[in-house]
>>> print(open('coords_38.cif').read())   # mmCIF, C-alpha atoms
data_protein
loop_
_atom_site.label_atom_id
_atom_site.label_comp_id
_atom_site.auth_asym_id
_atom_site.auth_seq_id
_atom_site.Cartn_x
_atom_site.Cartn_y
_atom_site.Cartn_z
CA MET V 1 -5.91 -4.80 14.46
CA SER V 2 -4.46 -4.16 11.08
CA GLY V 3 -2.99 -5.91 8.10
CA ARG V 4 0.14 -3.87 7.53
CA ASP V 5 2.82 -4.34 4.90
CA PRO V 6 6.19 -3.42 6.35
CA PHE V 7 8.64 -4.91 3.87
CA CYS V 8 11.09 -6.78 6.06
CA ARG V 9 14.61 -5.49 5.45
CA PRO V 10 17.77 -5.37 7.56
CA ARG V 11 17.06 -3.99 11.01
CA SER V 12 19.04 -0.83 10.26
CA VAL V 13 16.21 0.29 7.98
CA ARG V 14 13.30 -1.50 9.66
CA ARG V 15 11.72 1.58 11.26
CA GLY V 16 11.96 3.76 8.18
CA ALA V 17 11.42 1.18 5.47
CA ALA V 18 8.69 -0.57 7.41
CA LEU V 19 6.60 2.55 7.23
CA THR V 20 7.10 3.05 3.54
CA LEU V 21 4.84 0.43 2.04
CA VAL V 22 1.52 2.17 2.54
CA PHE V 23 2.30 3.45 -0.92
CA ALA V 24 4.92 0.96 -1.95
CA SER V 25 5.63 2.76 -5.18
CA VAL V 26 4.91 6.25 -3.87
CA LEU V 27 8.24 7.69 -2.86
CA VAL V 28 6.66 9.53 0.02
CA ALA V 29 4.47 7.47 2.29
CA GLY V 30 4.21 4.91 5.09
CA ALA V 31 3.41 1.20 5.52
CA ALA V 32 0.78 -0.71 3.61
CA THR V 33 -2.01 -1.70 5.89
CA GLY V 34 -5.34 -3.36 6.01
CA SER V 35 -7.43 -2.32 8.95
CA LEU V 36 -10.27 -4.66 9.71
CA PRO V 37 -13.92 -3.51 9.81
CA GLY V 38 -14.96 -2.25 13.22
CA THR V 39 -11.60 -0.59 13.80
CA ASP V 40 -11.39 3.17 13.44
CA ARG V 41 -7.85 3.96 12.34
CA GLY V 42 -8.28 7.41 13.82
CA ASP V 43 -8.32 5.69 17.21
CA ALA V 44 -5.61 3.19 16.38
CA ALA V 45 -3.18 4.47 18.98
CA ASP V 46 -5.77 3.83 21.69
CA GLY V 47 -6.54 0.46 20.16
CA ALA V 48 -2.87 -0.44 20.29
CA ALA V 49 -2.75 0.41 23.97
CA GLN V 50 -5.73 -1.82 24.67
CA ALA V 51 -4.63 -4.81 22.58
CA ALA V 52 -3.68 -7.79 24.72
CA PRO V 53 -0.26 -9.17 23.69
CA VAL V 54 -0.48 -12.58 22.00
CA GLY V 55 2.18 -14.92 20.65
CA HIS V 56 5.36 -13.01 19.83
CA HIS V 57 3.68 -9.81 20.99
CA ALA V 58 4.17 -10.98 24.59
CA GLU V 59 7.87 -11.58 23.97
CA VAL V 60 8.35 -8.21 22.32
CA ALA V 61 6.40 -6.41 25.06
CA ARG V 62 8.42 -8.18 27.73
CA ALA V 63 11.71 -7.21 26.07
CA ALA V 64 10.59 -3.57 25.90
CA GLU V 65 9.48 -3.56 29.55
CA GLU V 66 12.78 -5.04 30.72
CA ALA V 67 14.71 -2.46 28.72
CA ALA V 68 12.66 0.37 30.21
CA ALA V 69 13.26 -0.99 33.73
CA HIS V 70 17.03 -0.91 33.13
CA GLY V 71 17.08 2.54 31.54
CA ALA V 72 17.62 1.20 28.01
CA SER V 73 15.60 1.97 24.87
CA PRO V 74 12.32 -0.03 24.74
CA LEU V 75 12.10 0.64 21.00
CA GLU V 76 15.54 -0.80 20.26
CA ALA V 77 14.86 -3.81 22.50
CA ALA V 78 11.55 -4.38 20.70
CA GLU V 79 13.29 -4.17 17.32
CA ARG V 80 15.75 -6.87 18.37
CA ALA V 81 12.91 -9.07 19.60
CA VAL V 82 10.98 -8.62 16.36
CA SER V 83 14.09 -9.55 14.37
CA ARG V 84 14.44 -12.74 16.40
CA SER V 85 10.77 -13.61 15.91
CA GLY V 86 11.26 -14.45 12.22
CA ASP V 87 8.11 -12.50 11.30
CA ARG V 88 8.82 -11.10 7.82
CA TRP V 89 6.08 -8.47 8.22
CA GLY V 90 6.84 -7.59 11.86
CA ALA V 91 7.86 -3.99 12.59
CA VAL V 92 8.30 -1.46 15.38
CA TYR V 93 7.24 2.17 15.00
CA SER V 94 8.23 5.14 17.11
CA ARG V 95 5.37 7.27 18.44
CA GLY V 96 6.00 9.91 15.78
CA GLU V 97 6.16 7.34 12.97
CA TYR V 98 2.90 5.79 14.09
CA GLU V 99 1.21 9.18 14.21
CA GLU V 100 2.51 9.92 10.70
CA PHE V 101 1.18 6.57 9.59
CA GLU V 102 -2.26 7.40 10.98
CA ALA V 103 -2.23 10.66 9.05
CA THR V 104 -1.28 8.75 5.90
CA LEU V 105 -4.39 6.58 6.24
CA ASP V 106 -6.42 9.76 6.39
CA GLY V 107 -4.96 10.57 2.98
CA ALA V 108 -2.11 12.93 3.93
CA TYR V 109 1.63 12.35 3.86
CA THR V 110 4.94 14.18 3.73
CA GLY V 111 6.98 13.78 0.56
CA VAL V 112 7.81 15.11 -2.88
CA GLY V 113 5.06 13.47 -4.95
CA LEU V 114 6.87 10.70 -6.83
CA TRP V 115 5.59 7.25 -7.69
CA ALA V 116 8.38 4.86 -8.58
CA ARG V 117 9.30 1.25 -9.21
CA GLU V 118 12.37 -0.94 -9.29
CA ARG V 119 13.36 -2.07 -12.77
CA ASP V 120 16.50 -4.13 -13.44
CA GLY V 121 18.05 -3.04 -10.18
CA ARG V 122 17.41 0.65 -10.80
CA ILE V 123 14.76 3.05 -9.48
CA GLU V 124 12.50 4.51 -12.16
CA VAL V 125 9.90 7.24 -11.73
CA SER V 126 6.56 5.78 -12.84
CA ARG V 127 4.28 8.72 -12.06
CA VAL V 128 4.46 12.30 -10.78
CA GLY V 129 1.61 13.88 -8.87
CA SER V 130 0.17 17.00 -10.49
CA GLY V 131 1.07 20.15 -8.59
CA THR V 132 3.55 18.36 -6.31
CA PRO V 133 7.13 19.51 -5.61
CA ALA V 134 8.44 16.85 -8.01
CA ASP V 135 6.11 18.13 -10.72
CA GLY V 136 7.29 21.68 -10.16
CA ALA V 137 10.90 20.53 -10.45
CA GLY V 138 10.22 19.11 -13.91
CA ILE V 139 10.65 15.46 -12.95
CA ARG V 140 8.79 13.18 -15.34
CA PRO V 141 7.73 9.52 -15.60
CA GLY V 142 10.55 7.41 -17.00
CA ASP V 143 13.29 9.42 -15.30
CA ARG V 144 15.83 7.36 -13.35
CA LEU V 145 16.47 8.22 -9.72
CA ARG V 146 20.20 7.74 -9.12
CA SER V 147 20.80 9.25 -5.67
CA VAL V 148 19.10 10.88 -2.68
CA ASP V 149 21.14 13.45 -0.74
CA GLY V 150 24.29 11.96 -2.22
CA GLU V 151 23.46 8.34 -1.39
CA LYS V 152 23.29 6.08 -4.45
CA VAL V 153 20.03 4.14 -4.75
CA ASP V 154 20.80 1.64 -7.53
CA GLY V 155 20.23 -1.88 -6.22
CA ARG V 156 18.39 -0.72 -3.10
CA PRO V 157 14.82 -1.78 -2.28
CA VAL V 158 12.21 0.84 -3.14
CA THR V 159 11.23 0.90 0.53
CA GLU V 160 14.72 1.95 1.57
CA VAL V 161 14.77 4.65 -1.10
CA VAL V 162 11.42 5.90 0.23
CA SER V 163 12.92 6.17 3.69
CA LEU V 164 15.70 8.35 2.30
CA LEU V 165 13.27 10.57 0.40
CA ARG V 166 11.06 11.03 3.43
CA GLY V 167 14.06 11.78 5.61
CA ASP V 168 12.88 9.28 8.23
CA ARG V 169 16.29 8.59 9.72
CA ALA V 170 17.15 12.28 9.93
CA GLY V 171 13.73 13.29 11.26
CA LYS V 172 12.99 15.57 8.30
CA ALA V 173 9.58 17.23 8.01
CA ALA V 174 7.56 19.20 5.47
CA GLY V 175 9.58 22.22 4.34
CA SER V 176 12.94 20.42 4.47
CA THR V 177 14.86 19.89 1.25
CA VAL V 178 16.16 16.77 -0.45
CA ARG V 179 18.69 16.63 -3.29
CA LEU V 180 17.86 14.14 -6.03
CA GLY V 181 20.27 12.78 -8.61
CA LEU V 182 18.34 12.08 -11.82
CA GLU V 183 18.91 10.68 -15.29
CA ARG V 184 16.86 11.02 -18.48
CA GLY V 185 18.34 9.36 -21.53
CA SER V 186 21.93 10.61 -21.80
CA ARG V 187 21.30 13.58 -19.51
CA SER V 188 22.23 13.51 -15.81
CA TRP V 189 21.39 16.31 -13.39
CA SER V 190 20.51 17.15 -9.79
CA GLU V 191 17.37 18.77 -8.41
CA THR V 192 16.85 20.13 -4.91
CA VAL V 193 13.20 19.62 -3.97
CA ARG V 194 11.36 20.80 -0.88
CA ARG V 195 9.24 18.21 0.90
CA ALA V 196 5.58 19.13 1.39
CA ARG V 197 2.47 17.87 3.14
CA LEU V 198 0.41 16.29 0.35
CA SER V 199 -3.21 15.10 0.23
CA PRO V 200 -3.80 13.41 -3.12
CA ASP V 201 -7.21 12.10 -4.16
CA PRO V 202 -6.93 8.29 -3.97
CA VAL V 203 -9.68 7.77 -6.59
CA THR V 204 -9.58 9.32 -10.05
CA VAL V 205 -12.09 8.75 -12.86
CA ARG V 206 -11.72 9.28 -16.59
CA SER V 207 -13.50 8.18 -19.77
CA LEU V 208 -11.70 6.59 -22.73
CA ALA V 209 -12.63 7.36 -26.32
CA SER V 210 -14.41 4.00 -26.49
CA GLY V 211 -16.76 5.06 -23.70
CA VAL V 212 -15.13 2.81 -21.10
CA THR V 213 -14.85 4.40 -17.65
CA VAL V 214 -11.52 3.96 -15.85
CA VAL V 215 -11.70 4.14 -12.05
CA GLN V 216 -8.16 4.29 -10.70
CA VAL V 217 -7.61 3.66 -6.97
CA SER V 218 -4.09 4.55 -5.82
CA ALA V 219 -4.64 3.42 -2.21
CA PHE V 220 -7.47 2.53 0.14
CA THR V 221 -7.31 5.53 2.45
CA LYS V 222 -10.29 6.83 4.40
CA GLY V 223 -13.31 7.51 2.19
CA SER V 224 -11.91 5.84 -0.93
CA GLY V 225 -14.42 2.96 -0.91
CA GLU V 226 -17.39 5.31 -1.09
CA LYS V 227 -15.67 7.29 -3.85
CA VAL V 228 -15.44 4.09 -5.89
CA GLY V 229 -19.16 3.51 -5.31
CA ALA V 230 -19.97 7.06 -6.38
CA ALA V 231 -17.87 6.66 -9.54
CA VAL V 232 -19.79 3.52 -10.48
CA ARG V 233 -23.17 5.14 -9.85
CA GLU V 234 -22.24 8.22 -11.88
CA ALA V 235 -20.74 6.34 -14.85
CA PRO V 236 -22.92 6.27 -18.02
CA LYS V 237 -25.28 3.30 -17.90
CA GLU V 238 -23.88 1.79 -21.07
CA SER V 239 -20.27 2.18 -19.91
CA GLY V 240 -18.10 -0.76 -18.91
CA ILE V 241 -15.56 -0.14 -16.12
CA VAL V 242 -11.85 -0.77 -15.76
CA LEU V 243 -10.99 -0.79 -12.05
CA ASP V 244 -7.31 0.16 -12.15
CA LEU V 245 -5.54 -1.21 -9.07
CA ARG V 246 -2.02 -1.15 -10.49
CA GLY V 247 0.49 0.08 -7.96
CA ASN V 248 -2.15 0.13 -5.21
CA PRO V 249 -0.29 -1.06 -2.10
CA GLY V 250 -3.39 -1.56 0.04
CA GLY V 251 -4.78 0.55 2.84
CA LEU V 252 -7.86 0.19 5.00
CA VAL V 253 -9.52 -3.17 4.45
CA ALA V 254 -12.88 -1.70 5.42
CA GLU V 255 -12.52 0.67 2.45
CA ALA V 256 -11.68 -2.23 0.11
CA VAL V 257 -14.81 -4.04 1.30
CA THR V 258 -16.87 -0.90 0.64
CA ALA V 259 -15.38 -0.76 -2.86
CA ALA V 260 -16.32 -4.42 -3.38
CA SER V 261 -19.88 -3.53 -2.37
CA ALA V 262 -20.07 -1.25 -5.42
CA PHE V 263 -19.87 -4.33 -7.67
CA LEU V 264 -21.42 -7.13 -5.60
CA ASP V 265 -24.92 -7.76 -4.26
CA GLY V 266 -23.76 -8.75 -0.80
CA GLY V 267 -21.93 -12.00 -0.10
CA LEU V 268 -18.44 -13.01 0.93
CA VAL V 269 -15.44 -10.79 0.18
CA ALA V 270 -12.77 -12.60 2.20
CA THR V 271 -12.11 -14.68 5.27
CA TYR V 272 -9.29 -14.21 7.75
CA ASP V 273 -8.03 -15.81 10.93
CA VAL V 274 -6.71 -14.13 14.04
CA ALA V 275 -4.89 -16.41 16.45
CA GLY V 276 -6.80 -19.37 14.96
CA GLU V 277 -10.26 -17.77 15.12
CA GLN V 278 -11.99 -17.67 11.71
CA ARG V 279 -13.82 -14.51 10.67
CA ALA V 280 -15.41 -13.21 7.47
CA LEU V 281 -15.86 -9.96 5.57
CA HIS V 282 -19.05 -9.39 3.57
CA ALA V 283 -20.11 -6.86 0.96
CA GLU V 284 -23.22 -4.76 1.41
CA PRO V 285 -26.16 -5.69 -0.87
CA GLY V 286 -27.24 -3.58 -3.81
CA GLY V 287 -24.05 -3.23 -5.86
CA ASP V 288 -23.99 -3.05 -9.67
CA THR V 289 -23.67 -6.67 -10.79
CA ARG V 290 -24.49 -6.21 -14.49
CA ARG V 291 -22.00 -3.65 -15.77
CA PRO V 292 -18.95 -5.16 -17.61
CA LEU V 293 -15.94 -5.01 -15.27
CA VAL V 294 -12.20 -5.59 -15.60
CA ALA V 295 -9.78 -5.36 -12.65
CA LEU V 296 -6.37 -4.19 -13.83
CA VAL V 297 -3.45 -5.29 -11.59
CA ASP V 298 0.33 -5.62 -11.48
CA GLY V 299 3.16 -6.53 -9.12
CA GLY V 300 2.51 -3.37 -7.10
CA THR V 301 -1.08 -4.42 -6.29
CA MET V 302 -0.94 -5.42 -2.64
CA SER V 303 -2.79 -6.32 0.54
CA ALA V 304 -6.31 -4.80 0.62
CA ALA V 305 -6.15 -4.29 -3.16
CA GLU V 306 -5.39 -8.01 -3.57
CA LEU V 307 -8.26 -8.85 -1.24
CA LEU V 308 -10.63 -6.87 -3.49
CA THR V 309 -9.18 -8.41 -6.67
CA GLY V 310 -9.52 -11.94 -5.30
CA ALA V 311 -13.14 -11.33 -4.32
CA LEU V 312 -14.13 -9.99 -7.74
CA GLN V 313 -12.31 -12.85 -9.49
CA ASP V 314 -13.62 -15.66 -7.30
CA ARG V 315 -17.19 -14.32 -7.42
CA GLY V 316 -17.04 -14.24 -11.23
CA ARG V 317 -17.70 -10.52 -11.17
CA ALA V 318 -14.60 -9.27 -12.99
CA VAL V 319 -12.01 -10.43 -15.48
CA VAL V 320 -8.58 -9.76 -13.99
CA VAL V 321 -6.04 -8.39 -16.48
CA GLY V 322 -2.36 -7.58 -15.94
CA SER V 323 0.43 -9.36 -14.10
CA ARG V 324 0.64 -11.35 -10.87
CA THR V 325 0.04 -9.24 -7.77
CA PHE V 326 2.52 -8.78 -4.92
CA GLY V 327 1.32 -11.45 -2.48
CA LYS V 328 0.71 -9.74 0.90
CA GLY V 329 -2.18 -11.38 2.71
CA SER V 330 -1.31 -11.38 6.40
CA VAL V 331 -2.96 -9.72 9.41
CA GLN V 332 -0.95 -7.77 11.97
CA MET V 333 -1.94 -6.72 15.49
CA PRO V 334 -0.46 -3.63 17.21
CA THR V 335 0.74 -3.46 20.82
CA GLU V 336 1.82 -0.21 22.47
CA LEU V 337 5.18 -0.35 24.26
CA PRO V 338 6.23 1.50 27.46
CA ASP V 339 7.74 4.47 25.60
CA GLY V 340 4.70 4.94 23.34
CA SER V 341 6.20 3.12 20.36
CA VAL V 342 4.12 0.41 18.70
CA ALA V 343 5.05 -3.15 17.73
CA GLU V 344 3.09 -5.02 15.08
CA LEU V 345 3.40 -8.75 14.45
CA THR V 346 1.54 -11.20 12.24
CA VAL V 347 -1.38 -13.03 13.85
CA GLY V 348 -3.26 -14.43 10.86
CA HIS V 349 -3.88 -14.49 7.09
CA TYR V 350 -6.54 -13.52 4.55
CA ARG V 351 -8.13 -15.89 2.06
CA THR V 352 -10.26 -15.21 -0.99
CA PRO V 353 -13.90 -16.42 -1.12
CA SER V 354 -12.79 -19.72 -2.72
CA GLY V 355 -10.23 -20.25 0.05
CA ARG V 356 -7.08 -19.24 -1.82
CA GLY V 357 -4.23 -17.92 0.28
CA VAL V 358 -2.75 -14.67 -1.04
CA ASP V 359 0.32 -14.32 1.16
CA GLY V 360 3.43 -15.27 -0.77
CA HIS V 361 1.38 -16.23 -3.84
CA GLY V 362 -0.45 -13.17 -5.10
CA ILE V 363 -3.37 -13.19 -7.50
CA THR V 364 -2.81 -14.64 -10.98
CA PRO V 365 -4.68 -12.62 -13.64
CA ASP V 366 -7.12 -14.28 -16.01
CA LEU V 367 -5.33 -12.57 -18.88
CA GLU V 368 -1.63 -11.67 -18.77
CA ALA V 369 -0.76 -8.20 -20.05
CA ASP V 370 2.15 -5.88 -19.40
CA GLY V 371 3.19 -2.96 -21.58
CA ARG V 372 -0.24 -2.28 -23.11
CA ALA V 373 -2.28 -3.53 -20.18
CA LEU V 374 -4.86 -0.72 -20.20
CA GLU V 375 -5.52 -1.19 -23.92
CA ARG V 376 -5.96 -4.93 -23.35
CA ALA V 377 -8.34 -4.23 -20.45
CA GLU V 378 -10.34 -1.83 -22.63
CA THR V 379 -10.69 -4.52 -25.32
CA VAL V 380 -11.84 -7.09 -22.76
CA VAL V 381 -14.46 -4.71 -21.35
CA GLY V 382 -15.77 -4.17 -24.86
CA GLY V 383 -16.02 -7.91 -25.39
CA LEU V 384 -17.86 -8.40 -22.11
CA GLY V 385 -20.35 -5.72 -23.14
CA ARG V 386 -21.15 -7.56 -26.34
#
>>> encode(input="coords_38.cif", output="structure tokens")
Amino acid sequence: MSGRDPFCRPRSVRRGAALTLVFASVLVAGAATGSLPGTDRGDAADGAAQAAPVGHHAEVARAAEEAAAHGASPLEAAERAVSRSGDRWGAVYSRGEYEEFEATLDGAYTGVGLWARERDGRIEVSRVGSGTPADGAGIRPGDRLRSVDGEKVDGRPVTEVVSLLRGDRAGKAAGSTVRLGLERGSRSWSETVRRARLSPDPVTVRSLASGVTVVQVSAFTKGSGEKVGAAVREAPKESGIVLDLRGNPGGLVAEAVTAASAFLDGGLVATYDVAGEQRALHAEPGGDTRRPLVALVDGGTMSAAELLTGALQDRGRAVVVGSRTFGKGSVQMPTELPDGSVAELTVGHYRTPSGRGVDGHGITPDLEADGRALERAETVVGGLGR
């Protein structure tokens, strides 16, 4: 089972755009997800095959089977059934897309290395990965992305733009090129960039001049939770921590729970229900509960990252600074279809330790901050230390 974040758009872009929210602001990746503890995402394809269809899954599976029996496309039939289900997070993945998604959760993806966001109906580059094709092309944060291979992107959802950059619809792979129309101030130009297979480190650590340690988690891919724990253990004893979850679109829930264990001495992290059955996620004992901690969030903080934020806030472990998070707190279950494609539909929802629902609501920060959010977080950490 997984909690995946396919941003529901018109069916014409469902397969491509649905995959793109694993790094919602990364113009390269797949669908945001939250795999539950006990599930090895490396074996997710087998798990999908073994999952018994429930609720709308049965309807989608039946539609795919009937299509296969009549020589039609099971994937297209499943897409139509998902559209009829009314599930805003429901999606269908081809075999290749699902395999790419699995690789993404292992920390690898195909793309050009751009992080971006929608601002006033336009797509703006918010970050460029060091050493990536975009970096080599001289693209910088603040640049406007105007077109991808001649298609204008103004007014389009970021997820749809991601699909174009990845070349999902055209079946593009690493080594293929993409032409980007860009704007910086009064200058407009085009860059042809070659897609590459990228493996960024999801956890980066740096120290501010004040002595505060910033632990930035870009996504909860495999191994990221332990890296957060290592960063906390290795930080100077007198150092407060800013846990920067801005733009983190989620990932493996098990990794988010491991990250929570770095700051909590056991106890509840979240509850969730699957087909009406209530379950709970708990932190491991022995985390650092004394060090001053601020969780820094924004509208790109999603899914597993929201689960972690809600746990730290409800447990009184961290002051949350920033802006309201995205609001993705649902659980999806995969079912393999006759042609090897995979359908995922919502079967339940997460709740924070105090019982708050995240889906559609997000997490409200304790202290609102926008443009100078990191500076505000640094000040709060200093105050907590005193």
>>> resolve_selection(input="coords_38.cif", expression="the PyMOL selection byres ((chain V and resi 105-122) around 6)", output="NGL selection string")
:V and (25-29 or 102-104 or 123-129 or 132-134 or 154-155 or 166 or 174 or 195-199 or 221-222)
>>> closest_residue(input="coords_38.cif", among="V:Glu191, V:Ala369, V:Arg80, V:Gly299", to="V:Asp135", atoms="all atoms listed in the file")
V:Glu191
>>> atom_distance(input="coords_38.cif", atom1="atom CA of V:Glu378", atom2="atom CA of V:Val294")
8.2 Å
>>> closest_residue(input="coords_38.cif", among="V:Ala219, V:Val228, V:Ala343, V:Leu337", to="V:Gly287", atoms="only C-alpha atoms")
V:Val228
>>> residues_around(input="coords_38.cif", residues="V:Pro236", least_positions_apart="6", cutoff="12 Å", atoms="all atoms listed in the file", output="list in words")
Arg206, Ser207, Gly211, Val212, Thr213, Val214 and Arg291 of chain V
>>> resolve_selection(input="coords_38.cif", expression="the PyMOL selection byres ((chain V and resi 64-78) around 8)", output="PyMOL selection string")
chain V and resi 60-63+79-82+92-94+337-339+341+343
>>> atom_distance(input="coords_38.cif", atom1="atom CA of V:Val193", atom2="atom CA of V:Ala137")
6.9 Å
>>> residues_near_point(input="coords_38.cif", point="(20.5, 14.8, -6.9)", cutoff="12 Å", atoms="all atoms listed in the file", output="MDAnalysis selection string")
chainID V and resid 137 139 144:153 165 177:183 188:193
>>> closest_residue(input="coords_38.cif", among="V:His57, V:Arg140, V:Pro365, V:Ala318", to="V:Val381", atoms="all atoms listed in the file")
V:Ala318
>>> resolve_selection(input="coords_38.cif", expression="the PyMOL selection byres ((chain V and resi 261) around 12)", output="MDAnalysis selection string")
chainID V and resid 225:230 232:233 254:260 262:269 281:289 308 311:312 317
>>> write_last_selection(input="coords_38.cif", atoms="C-alpha atoms", output="mmCIF file, in the coordinates of the input")
data_model
loop_
_atom_site.group_PDB
_atom_site.id
_atom_site.type_symbol
_atom_site.label_atom_id
_atom_site.label_comp_id
_atom_site.auth_asym_id
_atom_site.auth_seq_id
_atom_site.Cartn_x
_atom_site.Cartn_y
_atom_site.Cartn_z
ATOM 1 C CA GLY V 225 -14.420 2.960 -0.910
ATOM 2 C CA GLU V 226 -17.390 5.310 -1.090
ATOM 3 C CA LYS V 227 -15.670 7.290 -3.850
ATOM 4 C CA VAL V 228 -15.440 4.090 -5.890
ATOM 5 C CA GLY V 229 -19.160 3.510 -5.310
ATOM 6 C CA ALA V 230 -19.970 7.060 -6.380
ATOM 7 C CA VAL V 232 -19.790 3.520 -10.480
ATOM 8 C CA ARG V 233 -23.170 5.140 -9.850
ATOM 9 C CA ALA V 254 -12.880 -1.700 5.420
ATOM 10 C CA GLU V 255 -12.520 0.670 2.450
ATOM 11 C CA ALA V 256 -11.680 -2.230 0.110
ATOM 12 C CA VAL V 257 -14.810 -4.040 1.300
ATOM 13 C CA THR V 258 -16.870 -0.900 0.640
ATOM 14 C CA ALA V 259 -15.380 -0.760 -2.860
ATOM 15 C CA ALA V 260 -16.320 -4.420 -3.380
ATOM 16 C CA ALA V 262 -20.070 -1.250 -5.420
ATOM 17 C CA PHE V 263 -19.870 -4.330 -7.670
ATOM 18 C CA LEU V 264 -21.420 -7.130 -5.600
ATOM 19 C CA ASP V 265 -24.920 -7.760 -4.260
ATOM 20 C CA GLY V 266 -23.760 -8.750 -0.800
ATOM 21 C CA GLY V 267 -21.930 -12.000 -0.100
ATOM 22 C CA LEU V 268 -18.440 -13.010 0.930
ATOM 23 C CA VAL V 269 -15.440 -10.790 0.180
ATOM 24 C CA LEU V 281 -15.860 -9.960 5.570
ATOM 25 C CA HIS V 282 -19.050 -9.390 3.570
ATOM 26 C CA ALA V 283 -20.110 -6.860 0.960
ATOM 27 C CA GLU V 284 -23.220 -4.760 1.410
ATOM 28 C CA PRO V 285 -26.160 -5.690 -0.870
ATOM 29 C CA GLY V 286 -27.240 -3.580 -3.810
ATOM 30 C CA GLY V 287 -24.050 -3.230 -5.860
ATOM 31 C CA ASP V 288 -23.990 -3.050 -9.670
ATOM 32 C CA THR V 289 -23.670 -6.670 -10.790
ATOM 33 C CA LEU V 308 -10.630 -6.870 -3.490
ATOM 34 C CA ALA V 311 -13.140 -11.330 -4.320
ATOM 35 C CA LEU V 312 -14.130 -9.990 -7.740
ATOM 36 C CA ARG V 317 -17.700 -10.520 -11.170
#
